[in-house]
Structure formats: structure tokens, C-alpha cells
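Below is one structure; the comments refer to it alone.
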Amino acid sequence: MTKTARQLLEWYDRNRRQLPWRAADGADADPYHVWLSEIMLQQTTVATVKGYFEKFLARWPSVEALAAAPQEDVLQEWAGLGYYARARNLHKCAQTVVSEHDGEFPSTEEGLKALPGIGDYTGAAIAAIAFGEAATVVDGNVERVVSRLFRVTEALPAAKKAIKEHTASITPSERPGDFAQAMMDLGAGVCTPKSPKCLLCPIRTGCAAHEAGDMERFPVKAPKKTKPTRRAMSFWLEHDGHVLLERRPQKGLLGGMPGFFSTPWEERATFPTKEEWLDHRPTEDYWKPLEGLAKHTFTHFHLETKLLTAKADAKLNFENGFWHPLAQLEDVGLPTVFKKIAALKTTPQK
DNA sequence: AACTCGGGGGG
DNA sequence: CCCCCAGAGTT
């Protein structure tokens with residue numbers, strides 16, 4: 001074991017955080033818990049995940065229970081957490097583990113990575129944390145810690161290969177799961193993107209960037225593109241205490257989630273004119289524009305939408321559409337963008 | 001290698 | 001406003 005790994009593990013033993021998915025000191029980690037938490041933690045902060053993890057575990061205590069659930073129920077519980085492909089793959093993965101692996105998760109990085117939703121990071125993390133394999137675990141925290149430790153001047157994402165090799169060079173064969181979690185805890189609390197707390201760092205003596213005094217330069221990243229703005233009109237159709245919702249297609253943005261019918265979300269400088277939105281309205285009822293504007297930002301674009309409302313004569317059936325009781329709108333599991341759009345109707349605008 | 005895919009919190 | 005976050009899958 002390298003000196004760096006030993007110092008880090010000693011620090012971890014003194015500063016270990018208790019997290020809902022983390023086994024009690026000395027106990028074995030439950031692969032189902034580790035897997036569920038790691039999927040939720042992809043691009044998502046610990047604070048955000050905690051509540052969702054508890055809810056999922058209470059509703060589906062085992063991988064068998066999760067596999068047996070309807071996809072709609074899983075998406076409903078996932079609503080608000082984002083990156084909904086994770087929820088679809090989570091469900092698929094559970095079903096695969098039950099049907100093809102007798103309900104037991106594969107115990108190797110290679111076997112895990114063959115499952116839906118488990119990639120380089122998650123496969124290595126589960127193998128190390130739940131099964132003690134000395135896999136090389138690299139997430140955003142580790143990229144930052146290692147790029148500083150070795151002062152990697154190459155920019156991401158090209159630097160990923162070098163960073164992984166450096167990480168492998170300090171990953172111990174003993175306690176690899178604790179080592180991985182220690183690296184991530186260090187990145188989250190000490191080796192932070194801005195104003196890193198180097199005085200508290202257990203491995204600062206071996207840190208090349210700390211030696212040079214330019215820690216915040218790392219990791220070097222490629223410049224990012226500016227986000228365009230898309231604009232659309234959304235449709236709120238009401239009948240007899242119900243509102244019309246759309247079940248979105250499985251592929252693409254917000255796949256499988258409920259939402260409102262709308263004009264296409266297109267990059268444009270102005271909102272669709274009446275002439276334009278007439279072609280996209282779900283019914284020929286009398287549609288009236290509402291005050292207010294809903295704004296939401298996705299990973300690669302901004303969205304602005306206004307709302308049109310109408311009362312339907314009858315509860316018609318819609319392709320990919322369903323009527324949902326207004327009183328239970330909170331329970332359907334709307335993605336955040338549609339909650340904002342609904343608020344234009346349900347809460348008075350100025 | 002570049003792009004798609006959410007949402008929230010911190011500076 | 002910008003940044004980042006226990007990234008994966010597709011093209």
C-alpha cells in the first residue's frame with residue numbers, strides 16, 4: 001500500500017460520515033443498497049439523494065420487489081431527481097438481476113458493467129464497496145483530487161485516461177471500498193473546486209499542485225458552449241375536475257414521464273403565434289392564453305413556455321394522453337419543468 | 001470525441 | 001450568473 005493510501009484511510013477512519021446506504025462500521029455493505037445509492041448519486045449531490053434513497057428502500061426493500069413494480073411507479077418515485085434514463089435503467093437492471101442472476105448482483109466490475117445503467121464509475125464503485133474488489137474508482141471528486149495530486153495539466157475529457165492510471169497507482173488491494181469512499185469524501189469536503197482546505201488534507205504533503213500553489217487550476221477543463229433558448233406554448237385542458245396529461249415517449253428528454261401537451265420545443269426568438277399553436281392544440285375547444293411565463297434550464301438549453309387553457313366538452317381519449325384528477329396532481333410525479341408550468345395555472349400570477 | 005440527458009445548491 | 005455534482009448511453 002502506498003503512503004498516500006495509508007494516510008487517506010487513517011483520515012477516513014477518523015472522519016467517516018454516516019450515510020443511509022453506508023454499512024455500519026465493520027459490517028458488510030448490502031449490494032442492493034450500494035447499487036441503488038450509486039445510481040441515484042450519478043451527477044447528483046448526497047443531500048438530494050438521501051430522501052429519495054429512503055423512500056425507495058421503504059417502498060421496495062429488495063431487488064425482487066423493485067423488479068416486480070410497474071415502471072410507472074418507479075418513475076413516479078424518481079420524479080424530481082432528474083436524468084430519468086437512470087430510473088428506466090434502474091428498473092431494467094433490477095429485472096435482469098432477478099431473471100438472469102437469481103436475484104444476486106454480479107460481484108465483479110466486469111459483470112456489473114454488463115448491466116443497464118452501470119458504467120465505468122458505478123461498476124468499479126459497487127465492486128469495490130460491496131465486494132472488496134480493488135477496482136479503480138474515478139468520479140468527479142477523484143478527478144479533482146488526482147489531477148491536483150499529480151498536477152495533471154492535460155484538459156478533461158482527454159485527461160481521463162491519465163487520471164485513471166494515476167488513480168490505479170494509488171488504489172490499495174486492502175480496503176479498496178473504503179479507499180474509494182475516502183477519496184470521494186475528501187473531494188467533497190476538503191479538496192473542493194474552490195478554496196480547497198489544504199490545511200485539513202491528510203495527503204497534502206504528496207500533492208504536486210499544493211506544492212506549486214495552484215490547486216484551483218485543476219482539473220483543467222475544456223471550455224463549454226452557451227445554451228440556446230427554446231420557446232413553446234403548453235396546453236392545459238380541463239374537464240370535470242381532471243386535467244389532460246401526456247405520457248412522453250420512452251426515448252429522449254424526460255422519457256416515460258408525464259407532462260403537458262405543447263408545441264414543439266424549438267430554438268426561436270419569439271413564442272409561437274396563435275396561427276402556429278393552433279396546429280398543435282389537442283382539441284378544438286376555445287383556448288385562452290394565461291398570464292405568466294415558466295422558465296426552466298436543462299443540461300443543454302433553456303426553456304420558456306407560456307400556458308393556454310381550455311375547458312373540454314367531453315373526456316375524449318387521447319393517444320399517449322390520460323386524464324388525471326386535479327386534486328391529486330401532486331401525486332402523479334411531474335418533472336420539475338411541468339410543475340413550474342402547472343403553477344402558472346394553479347397559483348395566481350401577478 | 002461530442003452530444004444528450006435534470007435539477008438543485010453554492011459562490 | 002456561473003459552476004459543479006459518487007456519469008451513462010448514443011452517435
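In the C-alpha cells, chains take the letters A, B, ... in the order shown, each chain's residues start at 1, and ligands count up from 1 in the order shown.
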Please report as a PyMOL selection string which residues of chain A come no farther than 8 Å from chain B, using only C-alpha atoms (C1' of nucleotides).
chain A and resi 48+80-85+252-253+298-299+336
For chain A, list the residues within 9 Å of chain C, counting only C-alpha atoms (C1' of nucleotides), and write the list as a ChimeraX atom specification.
/A:37-46,85-86,116-122,125,138-141,181,184,193
Just list the residues in region 32-238 of chain A DSSP gives strand (DSSP E or B) on the backbone, as a VMD selection string.
chain A and resid 156 221 229 to 238
So how many Å separate CA of Met183 (chain A) and CA of Ala135 (chain A), to one decimal?
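If I compute the distance from CA of Met183 (chain A) to CA of Ala135 (chain A), I get 13.4 Å.
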Where in region 23-267 of chain A does DSSP assign helix (DSSP H, G or I), given as number ranges by chain?
A: 31-41, 46-59, 63-68, 71-78, 85-100, 109-113, 120-131, 140-149, 160-170, 176-189, 198-200, 204-206, 208-212, 215-217
Given the selection you just returned, output its residues as a file containing C-alpha atoms, formatted as a compact mmCIF listing (two decimals), in the first residue's frame.
```
# COMPACT_ATOMS: atom_id res chain seq x y z
CA PRO A 31 -25.09 -4.75 -2.76
CA TYR A 32 -28.72 -3.68 -3.36
CA HIS A 33 -28.26 -0.62 -1.16
CA VAL A 34 -24.90 0.23 -2.69
CA TRP A 35 -26.24 -0.14 -6.23
CA LEU A 36 -29.39 1.91 -5.58
CA SER A 37 -27.41 4.72 -3.96
CA GLU A 38 -24.73 4.77 -6.65
CA ILE A 39 -27.31 5.10 -9.44
CA MET A 40 -29.02 7.95 -7.60
CA LEU A 41 -25.71 9.66 -6.87
CA VAL A 46 -25.57 13.47 -1.46
CA ALA A 47 -28.04 15.88 0.17
CA THR A 48 -30.51 15.49 -2.69
CA VAL A 49 -30.24 11.70 -2.80
CA LYS A 50 -30.85 10.95 0.89
CA GLY A 51 -34.62 11.42 0.86
CA TYR A 52 -35.10 9.55 -2.40
CA PHE A 53 -32.99 6.65 -1.18
CA GLU A 54 -35.06 6.27 1.98
CA LYS A 55 -38.32 6.41 0.05
CA PHE A 56 -37.20 3.81 -2.48
CA LEU A 57 -35.91 1.43 0.17
CA ALA A 58 -39.11 1.72 2.20
CA ARG A 59 -41.28 1.02 -0.83
CA VAL A 63 -34.22 -6.03 -5.76
CA GLU A 64 -37.03 -8.57 -6.28
CA ALA A 65 -39.61 -6.08 -5.06
CA LEU A 66 -38.25 -3.36 -7.30
CA ALA A 67 -38.18 -5.69 -10.30
CA ALA A 68 -41.83 -6.59 -9.74
CA GLN A 71 -42.31 1.12 -14.47
CA GLU A 72 -44.80 3.93 -13.88
CA ASP A 73 -44.46 3.52 -10.13
CA VAL A 74 -40.67 3.68 -10.32
CA LEU A 75 -40.78 6.83 -12.48
CA GLN A 76 -43.28 8.40 -10.10
CA GLU A 77 -40.92 7.91 -7.14
CA TRP A 78 -37.99 9.17 -9.22
CA ALA A 85 -32.93 7.26 -18.07
CA ARG A 86 -31.40 6.31 -14.74
CA ALA A 87 -34.84 5.29 -13.44
CA ARG A 88 -35.69 3.34 -16.58
CA ASN A 89 -32.33 1.55 -16.47
CA LEU A 90 -32.64 1.00 -12.72
CA HIS A 91 -35.88 -0.87 -13.31
CA LYS A 92 -34.43 -2.85 -16.24
CA CYS A 93 -31.34 -3.68 -14.21
CA ALA A 94 -33.41 -4.98 -11.29
CA GLN A 95 -35.37 -7.21 -13.65
CA THR A 96 -32.17 -8.51 -15.23
CA VAL A 97 -30.59 -9.28 -11.86
CA VAL A 98 -33.70 -11.23 -10.84
CA SER A 99 -34.28 -13.06 -14.11
CA GLU A 100 -30.69 -13.77 -15.15
CA GLU A 109 -16.59 -4.90 -12.05
CA GLU A 110 -16.85 -6.63 -15.43
CA GLY A 111 -20.05 -8.44 -14.55
CA LEU A 112 -21.63 -5.33 -13.09
CA LYS A 113 -20.79 -3.18 -16.11
CA ASP A 120 -17.15 2.63 -15.65
CA TYR A 121 -17.61 4.54 -12.42
CA THR A 122 -20.58 2.67 -10.97
CA GLY A 123 -19.25 -0.77 -11.87
CA ALA A 124 -15.96 -0.06 -10.14
CA ALA A 125 -17.67 1.56 -7.14
CA ILE A 126 -20.05 -1.35 -6.47
CA ALA A 127 -17.27 -3.92 -6.99
CA ALA A 128 -15.03 -2.10 -4.51
CA ILE A 129 -17.60 -1.08 -1.88
CA ALA A 130 -19.89 -4.13 -1.87
CA PHE A 131 -17.47 -6.88 -2.92
CA GLY A 140 -15.77 13.84 -10.43
CA ASN A 141 -14.31 14.10 -6.93
CA VAL A 142 -11.50 11.68 -7.69
CA GLU A 143 -10.74 13.50 -10.95
CA ARG A 144 -10.21 16.67 -8.96
CA VAL A 145 -8.18 15.10 -6.16
CA VAL A 146 -5.96 13.10 -8.51
CA SER A 147 -5.47 15.86 -11.06
CA ARG A 148 -4.17 18.03 -8.20
CA LEU A 149 -2.18 15.28 -6.53
CA LYS A 160 -9.41 10.82 -18.17
CA LYS A 161 -7.03 8.05 -19.21
CA ALA A 162 -4.04 9.53 -17.38
CA ILE A 163 -6.16 10.27 -14.30
CA LYS A 164 -7.43 6.70 -14.18
CA GLU A 165 -3.87 5.37 -14.41
CA HIS A 166 -2.74 7.64 -11.61
CA THR A 167 -5.72 6.56 -9.51
CA ALA A 168 -4.91 2.90 -10.13
CA SER A 169 -1.34 3.53 -8.99
CA ILE A 170 -2.52 4.54 -5.50
CA PRO A 176 -10.44 -0.65 -1.75
CA GLY A 177 -14.05 0.27 -0.99
CA ASP A 178 -13.06 2.45 1.96
CA PHE A 179 -10.29 3.97 -0.13
CA ALA A 180 -12.74 4.92 -2.88
CA GLN A 181 -15.19 6.43 -0.43
CA ALA A 182 -12.36 8.24 1.33
CA MET A 183 -11.24 9.80 -1.95
CA MET A 184 -14.79 10.95 -2.65
CA ASP A 185 -15.30 12.30 0.87
CA LEU A 186 -12.00 14.15 0.54
CA GLY A 187 -13.08 15.68 -2.76
CA ALA A 188 -16.49 16.63 -1.41
CA GLY A 189 -15.33 18.23 1.84
CA CYS A 198 -5.43 22.07 2.16
CA LEU A 199 -4.58 22.59 5.84
CA LEU A 200 -7.05 19.81 6.67
CA ARG A 204 -1.18 17.45 1.09
CA THR A 205 2.50 16.59 1.55
CA GLY A 206 2.35 14.41 -1.53
CA ALA A 208 2.06 18.40 -6.55
CA ALA A 209 -0.48 21.20 -7.04
CA HIS A 210 -0.31 22.14 -3.38
CA GLU A 211 3.45 22.25 -3.68
CA ALA A 212 3.16 24.57 -6.69
CA MET A 215 -4.58 23.89 -6.77
CA GLU A 216 -7.59 25.69 -8.18
CA ARG A 217 -6.28 25.36 -11.73
```
State, in Å with one decimal place, the distance from CA of Ala343 (chain A) to CA of Trp323 (chain A).
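If I compute the distance from CA of Ala343 (chain A) to CA of Trp323 (chain A), I get 18.0 Å.
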So the first atom is CA of Ala155 (chain A) and the second is CA of Phe218 (chain A); what is the distance between them in Å, to one decimal place?
8.9 Å
